[in-house]
$ cat query_27.txt   # compact mmCIF, N, CA and C atoms
# COMPACT_ATOMS: atom_id res chain seq x y z
N MET A 245 24.70 144.04 82.13
CA MET A 245 24.90 145.10 81.16
C MET A 245 24.64 146.47 81.80
N ALA A 246 23.56 146.55 82.57
CA ALA A 246 23.23 147.82 83.22
C ALA A 246 24.35 148.26 84.16
N VAL A 247 24.96 147.30 84.84
CA VAL A 247 26.07 147.61 85.75
C VAL A 247 27.24 148.19 84.97
N LEU A 248 27.55 147.61 83.81
CA LEU A 248 28.64 148.12 82.99
C LEU A 248 28.37 149.55 82.54
N VAL A 249 27.14 149.84 82.16
CA VAL A 249 26.79 151.20 81.74
C VAL A 249 26.96 152.17 82.90
N LEU A 250 26.48 151.79 84.09
CA LEU A 250 26.61 152.67 85.25
C LEU A 250 28.07 152.88 85.64
N VAL A 251 28.86 151.80 85.62
CA VAL A 251 30.27 151.92 85.94
C VAL A 251 30.96 152.79 84.91
N GLY A 252 30.66 152.58 83.63
CA GLY A 252 31.26 153.38 82.57
C GLY A 252 30.93 154.85 82.72
N CYS A 253 29.70 155.16 83.07
CA CYS A 253 29.30 156.56 83.25
C CYS A 253 30.02 157.18 84.43
N SER A 254 30.28 156.38 85.48
CA SER A 254 30.96 156.95 86.64
C SER A 254 32.43 157.22 86.35
N LEU A 255 32.98 156.64 85.28
CA LEU A 255 34.38 156.87 84.93
C LEU A 255 34.58 158.13 84.12
N VAL A 256 33.50 158.70 83.58
CA VAL A 256 33.63 159.90 82.77
C VAL A 256 33.97 161.05 83.69
N PRO A 257 35.09 161.74 83.46
CA PRO A 257 35.51 162.82 84.34
C PRO A 257 34.50 163.96 84.33
N GLY A 258 34.62 164.79 85.33
CA GLY A 258 33.74 165.95 85.45
C GLY A 258 33.98 166.95 84.36
N GLY A 259 33.24 168.03 84.40
CA GLY A 259 33.27 169.05 83.36
C GLY A 259 34.60 169.75 83.25
N ASN A 260 34.73 170.55 82.23
CA ASN A 260 35.94 171.27 81.91
C ASN A 260 35.72 172.75 82.17
N GLU A 261 36.34 173.25 83.23
CA GLU A 261 36.25 174.68 83.55
C GLU A 261 34.80 175.15 83.56
N GLY A 262 33.90 174.34 84.06
CA GLY A 262 32.49 174.72 84.10
C GLY A 262 31.75 174.36 82.85
N GLY A 263 32.45 173.88 81.81
CA GLY A 263 31.81 173.50 80.56
C GLY A 263 31.44 172.03 80.60
N GLU A 264 31.02 171.52 79.48
CA GLU A 264 30.66 170.11 79.40
C GLU A 264 31.83 169.34 78.81
N GLY A 265 31.94 168.08 79.17
CA GLY A 265 32.98 167.24 78.62
C GLY A 265 34.07 166.96 79.62
N PRO A 266 35.05 166.18 79.20
CA PRO A 266 36.12 165.77 80.11
C PRO A 266 37.03 166.92 80.52
N ALA A 267 37.65 166.75 81.67
CA ALA A 267 38.56 167.76 82.20
C ALA A 267 39.82 167.85 81.36
N LYS A 268 40.37 169.05 81.25
CA LYS A 268 41.64 169.26 80.56
C LYS A 268 42.76 169.14 81.59
N ASN A 269 43.61 168.14 81.41
CA ASN A 269 44.76 167.94 82.28
C ASN A 269 45.97 168.62 81.63
N VAL A 270 46.51 169.64 82.28
CA VAL A 270 47.65 170.38 81.74
C VAL A 270 48.92 169.57 81.94
N ASP A 271 49.73 169.47 80.87
CA ASP A 271 50.98 168.71 81.01
C ASP A 271 51.97 169.47 81.90
N GLU A 272 53.04 168.80 82.27
CA GLU A 272 54.00 169.33 83.24
C GLU A 272 54.70 170.60 82.79
N ARG A 273 54.64 170.94 81.51
CA ARG A 273 55.33 172.13 81.01
C ARG A 273 54.56 173.41 81.31
N GLY A 274 53.29 173.33 81.69
CA GLY A 274 52.51 174.51 82.04
C GLY A 274 52.32 175.46 80.87
N LEU A 275 52.34 176.75 81.16
CA LEU A 275 52.16 177.78 80.13
C LEU A 275 53.44 177.89 79.31
N ARG A 276 53.29 177.81 77.99
CA ARG A 276 54.45 177.77 77.10
C ARG A 276 54.45 178.97 76.16
N THR A 277 55.65 179.28 75.63
CA THR A 277 55.80 180.37 74.68
C THR A 277 56.46 179.94 73.38
N ASP A 278 56.93 178.69 73.30
CA ASP A 278 57.57 178.22 72.07
C ASP A 278 56.52 178.10 70.98
N GLU A 279 56.86 178.53 69.79
CA GLU A 279 55.88 178.62 68.70
C GLU A 279 55.92 177.43 67.75
N GLU A 280 57.04 176.75 67.63
CA GLU A 280 57.20 175.69 66.63
C GLU A 280 56.14 174.58 66.74
N PRO A 281 55.80 174.10 67.95
CA PRO A 281 54.77 173.07 68.01
C PRO A 281 53.42 173.54 67.45
N LEU A 282 53.12 174.81 67.60
CA LEU A 282 51.87 175.35 67.07
C LEU A 282 51.93 175.51 65.56
N THR A 283 53.01 176.11 65.06
CA THR A 283 53.10 176.36 63.61
C THR A 283 53.25 175.07 62.82
N ARG A 284 53.85 174.04 63.44
CA ARG A 284 53.96 172.74 62.77
C ARG A 284 52.58 172.11 62.60
N ARG A 285 51.74 172.20 63.63
CA ARG A 285 50.41 171.60 63.57
C ARG A 285 49.40 172.48 62.83
N PHE A 286 49.56 173.79 62.92
CA PHE A 286 48.60 174.74 62.36
C PHE A 286 49.32 175.77 61.49
N PRO A 287 49.74 175.38 60.28
CA PRO A 287 50.53 176.29 59.44
C PRO A 287 49.79 177.57 59.06
N GLY A 288 48.48 177.58 59.17
CA GLY A 288 47.71 178.79 58.88
C GLY A 288 48.03 179.95 59.82
N LEU A 289 48.76 179.67 60.90
CA LEU A 289 49.16 180.73 61.83
C LEU A 289 50.29 181.58 61.26
N GLY A 290 50.95 181.10 60.21
CA GLY A 290 52.10 181.81 59.66
C GLY A 290 53.24 181.79 60.66
N VAL A 291 53.96 182.91 60.73
CA VAL A 291 55.04 183.07 61.71
C VAL A 291 54.52 184.03 62.78
N PRO A 292 54.07 183.51 63.91
CA PRO A 292 53.46 184.38 64.93
C PRO A 292 54.43 185.41 65.50
N VAL A 293 53.86 186.52 65.95
CA VAL A 293 54.61 187.53 66.68
C VAL A 293 54.92 186.99 68.07
N SER A 294 53.93 186.34 68.69
CA SER A 294 54.11 185.71 70.00
C SER A 294 53.01 184.69 70.22
N ALA A 295 53.24 183.81 71.18
CA ALA A 295 52.24 182.80 71.52
C ALA A 295 52.36 182.45 73.00
N ARG A 296 51.22 182.23 73.62
CA ARG A 296 51.13 181.72 74.99
C ARG A 296 50.14 180.57 74.91
N TRP A 297 50.55 179.39 75.37
CA TRP A 297 49.66 178.25 75.20
C TRP A 297 49.93 177.15 76.21
N GLN A 298 48.95 176.25 76.31
CA GLN A 298 49.06 175.07 77.14
C GLN A 298 48.54 173.88 76.36
N SER A 299 48.95 172.69 76.79
CA SER A 299 48.45 171.46 76.18
C SER A 299 48.37 170.39 77.24
N GLY A 300 47.77 169.28 76.87
CA GLY A 300 47.67 168.16 77.79
C GLY A 300 46.73 167.11 77.24
N THR A 301 46.19 166.30 78.13
CA THR A 301 45.26 165.25 77.75
C THR A 301 43.89 165.53 78.33
N LEU A 302 42.88 164.90 77.73
CA LEU A 302 41.51 165.03 78.23
C LEU A 302 41.18 163.85 79.12
N GLY A 303 40.41 164.10 80.16
CA GLY A 303 39.93 163.04 81.02
C GLY A 303 40.95 162.58 82.03
N ASP A 304 40.69 161.42 82.60
CA ASP A 304 41.54 160.85 83.64
C ASP A 304 42.22 159.61 83.10
N ASP A 305 43.50 159.73 82.75
CA ASP A 305 44.26 158.62 82.17
C ASP A 305 44.34 157.42 83.11
N ARG A 306 44.19 157.63 84.40
CA ARG A 306 44.26 156.53 85.36
C ARG A 306 43.03 155.63 85.27
N LEU A 307 41.90 156.19 84.81
CA LEU A 307 40.66 155.43 84.80
C LEU A 307 40.35 154.77 83.47
N VAL A 308 40.78 155.38 82.38
CA VAL A 308 40.45 154.87 81.06
C VAL A 308 41.73 154.61 80.28
N PRO A 309 42.17 153.35 80.20
CA PRO A 309 43.41 153.05 79.48
C PRO A 309 43.20 153.18 77.97
N GLY A 310 44.30 153.32 77.27
CA GLY A 310 44.22 153.36 75.81
C GLY A 310 44.79 154.64 75.27
N PRO A 311 44.56 154.89 73.98
CA PRO A 311 45.11 156.09 73.36
C PRO A 311 44.55 157.35 74.03
N SER A 312 45.38 158.35 74.12
CA SER A 312 44.97 159.61 74.74
C SER A 312 44.45 160.58 73.70
N THR A 313 43.54 161.42 74.13
CA THR A 313 43.09 162.54 73.33
C THR A 313 43.80 163.77 73.88
N PHE A 314 44.48 164.49 73.01
CA PHE A 314 45.25 165.65 73.40
C PHE A 314 44.49 166.93 73.07
N TRP A 315 44.81 168.01 73.77
CA TRP A 315 44.21 169.31 73.50
C TRP A 315 45.31 170.37 73.53
N ILE A 316 45.03 171.47 72.84
CA ILE A 316 45.90 172.65 72.84
C ILE A 316 44.99 173.87 72.94
N ASP A 317 45.27 174.75 73.87
CA ASP A 317 44.61 176.05 73.97
C ASP A 317 45.70 177.10 73.80
N ALA A 318 45.45 178.12 72.97
CA ALA A 318 46.50 179.10 72.70
C ALA A 318 45.93 180.49 72.47
N VAL A 319 46.74 181.47 72.82
CA VAL A 319 46.52 182.87 72.47
C VAL A 319 47.73 183.24 71.63
N VAL A 320 47.48 183.55 70.34
CA VAL A 320 48.59 183.77 69.41
C VAL A 320 48.43 185.14 68.75
N GLU A 321 49.46 185.99 68.90
CA GLU A 321 49.46 187.26 68.19
C GLU A 321 50.05 187.00 66.80
N LEU A 322 49.25 187.30 65.79
CA LEU A 322 49.62 187.03 64.41
C LEU A 322 50.21 188.25 63.73
N GLU A 323 50.94 188.00 62.64
CA GLU A 323 51.35 189.11 61.78
C GLU A 323 50.06 189.71 61.20
N PRO A 324 50.02 191.03 61.01
CA PRO A 324 48.79 191.67 60.52
C PRO A 324 48.24 191.06 59.22
N ARG A 325 49.10 190.67 58.28
CA ARG A 325 48.60 190.12 57.02
C ARG A 325 47.92 188.76 57.24
N VAL A 326 48.42 187.96 58.18
CA VAL A 326 47.80 186.67 58.49
C VAL A 326 46.45 186.90 59.17
N ALA A 327 46.41 187.85 60.09
CA ALA A 327 45.14 188.17 60.77
C ALA A 327 44.12 188.69 59.76
N ASP A 328 44.56 189.53 58.82
CA ASP A 328 43.65 190.05 57.79
C ASP A 328 43.10 188.92 56.92
N ARG A 329 43.95 187.94 56.60
CA ARG A 329 43.47 186.79 55.80
C ARG A 329 42.39 186.03 56.56
N LEU A 330 42.61 185.78 57.84
CA LEU A 330 41.60 185.09 58.64
C LEU A 330 40.34 185.93 58.78
N ARG A 331 40.53 187.23 58.97
CA ARG A 331 39.40 188.14 59.14
C ARG A 331 38.52 188.16 57.90
N SER A 332 39.14 188.04 56.73
CA SER A 332 38.37 188.12 55.48
C SER A 332 37.65 186.82 55.15
N ALA A 333 38.05 185.71 55.81
CA ALA A 333 37.37 184.43 55.58
C ALA A 333 36.00 184.48 56.24
N ALA A 334 35.05 183.84 55.61
CA ALA A 334 33.70 183.83 56.15
C ALA A 334 33.68 183.15 57.50
N SER A 335 33.08 183.81 58.49
CA SER A 335 32.95 183.22 59.81
C SER A 335 31.78 182.25 59.81
N PRO A 336 31.97 181.08 60.38
CA PRO A 336 30.88 180.12 60.45
C PRO A 336 29.84 180.57 61.47
N THR A 337 28.63 180.10 61.31
CA THR A 337 27.58 180.42 62.27
C THR A 337 27.48 179.31 63.29
N GLY A 338 27.02 179.64 64.46
CA GLY A 338 26.78 178.64 65.49
C GLY A 338 28.02 178.18 66.24
N VAL A 339 29.17 178.81 66.03
CA VAL A 339 30.37 178.42 66.77
C VAL A 339 30.37 179.22 68.08
N GLY A 340 30.46 178.51 69.20
CA GLY A 340 30.40 179.16 70.51
C GLY A 340 31.65 179.93 70.85
N GLN A 341 31.71 180.37 72.08
CA GLN A 341 32.85 181.10 72.59
C GLN A 341 33.94 180.12 73.01
N PRO A 342 35.19 180.57 73.01
CA PRO A 342 36.28 179.67 73.41
C PRO A 342 36.18 179.28 74.87
N GLU A 343 36.49 178.02 75.16
CA GLU A 343 36.60 177.53 76.54
C GLU A 343 38.05 177.16 76.77
N LEU A 344 38.86 178.18 77.04
CA LEU A 344 40.29 178.01 77.23
C LEU A 344 40.58 177.76 78.71
N THR A 345 41.73 177.14 78.98
CA THR A 345 42.14 176.98 80.38
C THR A 345 42.30 178.37 80.99
N PRO A 346 42.13 178.48 82.31
CA PRO A 346 42.22 179.81 82.94
C PRO A 346 43.53 180.54 82.67
N ASP A 347 44.67 179.81 82.70
CA ASP A 347 45.96 180.46 82.46
C ASP A 347 46.05 181.04 81.05
N VAL A 348 45.56 180.29 80.07
CA VAL A 348 45.59 180.77 78.68
C VAL A 348 44.58 181.89 78.50
N ALA A 349 43.39 181.73 79.02
CA ALA A 349 42.36 182.77 78.90
C ALA A 349 42.85 184.09 79.51
N GLY A 350 43.64 184.01 80.57
CA GLY A 350 44.19 185.21 81.20
C GLY A 350 45.17 185.96 80.31
N GLU A 351 45.69 185.31 79.28
CA GLU A 351 46.62 185.94 78.34
C GLU A 351 45.90 186.65 77.18
N ALA A 352 44.60 186.42 77.04
CA ALA A 352 43.84 187.00 75.92
C ALA A 352 43.60 188.49 76.14
N PRO A 353 43.71 189.27 75.08
CA PRO A 353 43.42 190.70 75.20
C PRO A 353 41.91 190.92 75.36
N ASP A 354 41.56 192.09 75.88
CA ASP A 354 40.15 192.44 75.98
C ASP A 354 39.57 192.61 74.59
N GLY A 355 38.33 192.25 74.44
CA GLY A 355 37.65 192.39 73.15
C GLY A 355 36.79 191.17 72.88
N GLN A 356 35.86 191.34 71.98
CA GLN A 356 34.92 190.28 71.62
C GLN A 356 35.59 189.30 70.65
N PRO A 357 35.63 188.00 70.99
CA PRO A 357 36.16 187.02 70.05
C PRO A 357 35.14 186.71 68.96
N GLU A 358 35.60 186.67 67.72
CA GLU A 358 34.75 186.35 66.58
C GLU A 358 35.31 185.14 65.87
N ALA A 359 34.47 184.11 65.67
CA ALA A 359 34.91 182.88 65.02
C ALA A 359 35.44 183.17 63.62
N VAL A 360 36.52 182.48 63.27
CA VAL A 360 37.11 182.63 61.94
C VAL A 360 37.34 181.26 61.32
N ALA A 361 37.32 181.24 60.00
CA ALA A 361 37.66 180.02 59.26
C ALA A 361 39.14 180.07 58.93
N GLY A 362 39.65 179.02 58.35
CA GLY A 362 41.04 179.01 57.91
C GLY A 362 41.97 178.30 58.86
N LEU A 363 41.50 177.98 60.06
CA LEU A 363 42.32 177.19 60.99
C LEU A 363 41.54 175.97 61.46
N GLY A 364 40.52 175.60 60.69
CA GLY A 364 39.81 174.38 61.04
C GLY A 364 38.31 174.49 61.05
N HIS A 365 37.73 175.70 61.23
CA HIS A 365 36.27 175.81 61.30
C HIS A 365 35.60 175.33 60.02
N GLY A 366 36.12 175.74 58.88
CA GLY A 366 35.47 175.37 57.63
C GLY A 366 35.42 173.86 57.45
N SER A 367 36.58 173.23 57.49
CA SER A 367 36.64 171.78 57.35
C SER A 367 36.53 171.11 58.70
N GLY A 368 36.80 171.86 59.76
CA GLY A 368 36.77 171.30 61.10
C GLY A 368 38.04 170.57 61.48
N VAL A 369 38.91 170.31 60.52
CA VAL A 369 40.10 169.51 60.83
C VAL A 369 41.33 170.13 60.18
N ALA A 370 42.42 170.20 60.92
CA ALA A 370 43.71 170.64 60.40
C ALA A 370 44.74 169.60 60.81
N ASP A 371 45.20 168.81 59.85
CA ASP A 371 46.24 167.79 60.08
C ASP A 371 45.90 166.88 61.26
N GLY A 372 44.67 166.36 61.27
CA GLY A 372 44.26 165.44 62.33
C GLY A 372 43.77 166.10 63.60
N TRP A 373 43.76 167.40 63.65
CA TRP A 373 43.28 168.14 64.81
C TRP A 373 41.95 168.80 64.48
N THR A 374 40.99 168.69 65.39
CA THR A 374 39.75 169.46 65.28
C THR A 374 40.06 170.81 65.90
N VAL A 375 39.86 171.87 65.12
CA VAL A 375 40.31 173.20 65.53
C VAL A 375 39.15 174.19 65.51
N GLU A 376 39.11 175.01 66.54
CA GLU A 376 38.23 176.18 66.56
C GLU A 376 39.11 177.38 66.80
N ALA A 377 38.82 178.49 66.11
CA ALA A 377 39.65 179.69 66.25
C ALA A 377 38.77 180.93 66.26
N TRP A 378 39.21 181.93 67.01
CA TRP A 378 38.50 183.19 67.12
C TRP A 378 39.51 184.32 67.07
N LEU A 379 39.24 185.36 66.28
CA LEU A 379 40.05 186.58 66.32
C LEU A 379 39.41 187.52 67.32
N VAL A 380 40.23 188.12 68.17
CA VAL A 380 39.73 189.09 69.12
C VAL A 380 39.54 190.41 68.40
N GLU A 381 38.32 190.91 68.43
CA GLU A 381 37.95 192.14 67.72
C GLU A 381 38.92 193.28 68.04
N GLY A 382 39.37 193.97 67.00
CA GLY A 382 40.27 195.11 67.16
C GLY A 382 41.72 194.74 67.39
N THR A 383 42.06 193.45 67.24
CA THR A 383 43.44 193.00 67.45
C THR A 383 43.85 192.05 66.33
N ASP A 384 45.09 191.65 66.36
CA ASP A 384 45.59 190.60 65.46
C ASP A 384 45.84 189.32 66.25
N THR A 385 45.09 189.14 67.32
CA THR A 385 45.26 188.00 68.21
C THR A 385 44.18 186.96 67.95
N VAL A 386 44.64 185.71 67.79
CA VAL A 386 43.71 184.59 67.59
C VAL A 386 43.72 183.72 68.84
N LEU A 387 42.53 183.28 69.23
CA LEU A 387 42.36 182.30 70.30
C LEU A 387 42.13 180.97 69.62
N LEU A 388 42.86 179.95 70.02
CA LEU A 388 42.80 178.66 69.35
C LEU A 388 42.50 177.57 70.38
N SER A 389 41.58 176.70 70.03
CA SER A 389 41.27 175.53 70.85
C SER A 389 41.24 174.32 69.92
N ALA A 390 42.09 173.34 70.17
CA ALA A 390 42.22 172.19 69.28
C ALA A 390 42.25 170.89 70.06
N ILE A 391 41.70 169.85 69.43
CA ILE A 391 41.70 168.51 70.01
C ILE A 391 42.19 167.53 68.96
N GLY A 392 43.08 166.62 69.35
CA GLY A 392 43.61 165.63 68.42
C GLY A 392 44.09 164.39 69.13
N GLU A 393 44.48 163.37 68.36
CA GLU A 393 45.00 162.14 68.95
C GLU A 393 46.40 161.87 68.48
$ encode --input "query_27.txt" --output "structure tokens"
Amino acid sequence: MAVLVLVGCSLVPGGNEGGEGPAKNVDERGLRTDEEPLTRRFPGLGVPVSARWQSGTLGDDRLVPGPSTFWIDAVVELEPRVADRLRSAASPTGVGQPELTPDVAGEAPDGQPEAVAGLGHGSGVADGWTVEAWLVEGTDTVLLSAIGE
């Protein structure tokens, strides 16, 4: 039994961009700008002005067979009325800063991200996805980090 535990622990991939948890493997499409996959999964985004995002799987698919856990990291410029709706929602306490992939994080505007509800923080789930979202202070840009199966 002890051997199984040690072997199992050795299969857990390293951290994610310096954070804790499995590595984010970016799919072959790289940085994307199409909005439909985001708005289909997260209708609270409305009709975005623009979006830059990446997706992929968590961990090492070669080592752990079975269903994959998917992730999406995005920087989405919202219509002002949608951003105002998110801004007016109560921000949850204790939500950390976004841990986006470097390519997506490089698309974020300067400014302090503030956690917002309405895209998953309140309930934690949007259509099977665990979602965290932050509005960048002084902008209509939301940073989104989601995990789903």
$ atom_distance --input "query_27.txt" --atom1 "atom CA of A:Glu376" --atom2 "atom CA of A:Ala361"
8.3 Å
$ residues_around --input "query_27.txt" --residues "stretch 338-351 of chain A" --least-positions-apart "6" --cutoff "6.5 Å" --atoms "all atoms listed in the file" --output "PyMOL selection string"
chain A and resi 296-298+317-319
$ residues_around --input "query_27.txt" --residues "A:Val360" --least-positions-apart "2" --cutoff "5 Å" --atoms "all atoms listed in the file" --output "number ranges by chain"
A: 335, 358, 362, 377-379
$ closest_residue --input "query_27.txt" --among "A:Val386, A:Val326, A:Val375, A:Ala267" --to "A:Pro353" --atoms "only C-alpha atoms"
A:Val386
$ atom_distance --input "query_27.txt" --atom1 "atom CA of A:Trp315" --atom2 "atom CA of A:Ile391"
4.4 Å
$ atom_distance --input "query_27.txt" --atom1 "atom CA of A:Leu330" --atom2 "atom C of A:Thr383"
10.6 Å
$ closest_residue --input "query_27.txt" --among "A:Gly355, A:Pro266, A:Ser312, A:Leu275" --to "A:Glu393" --atoms "only N, CA and C atoms"
A:Ser312
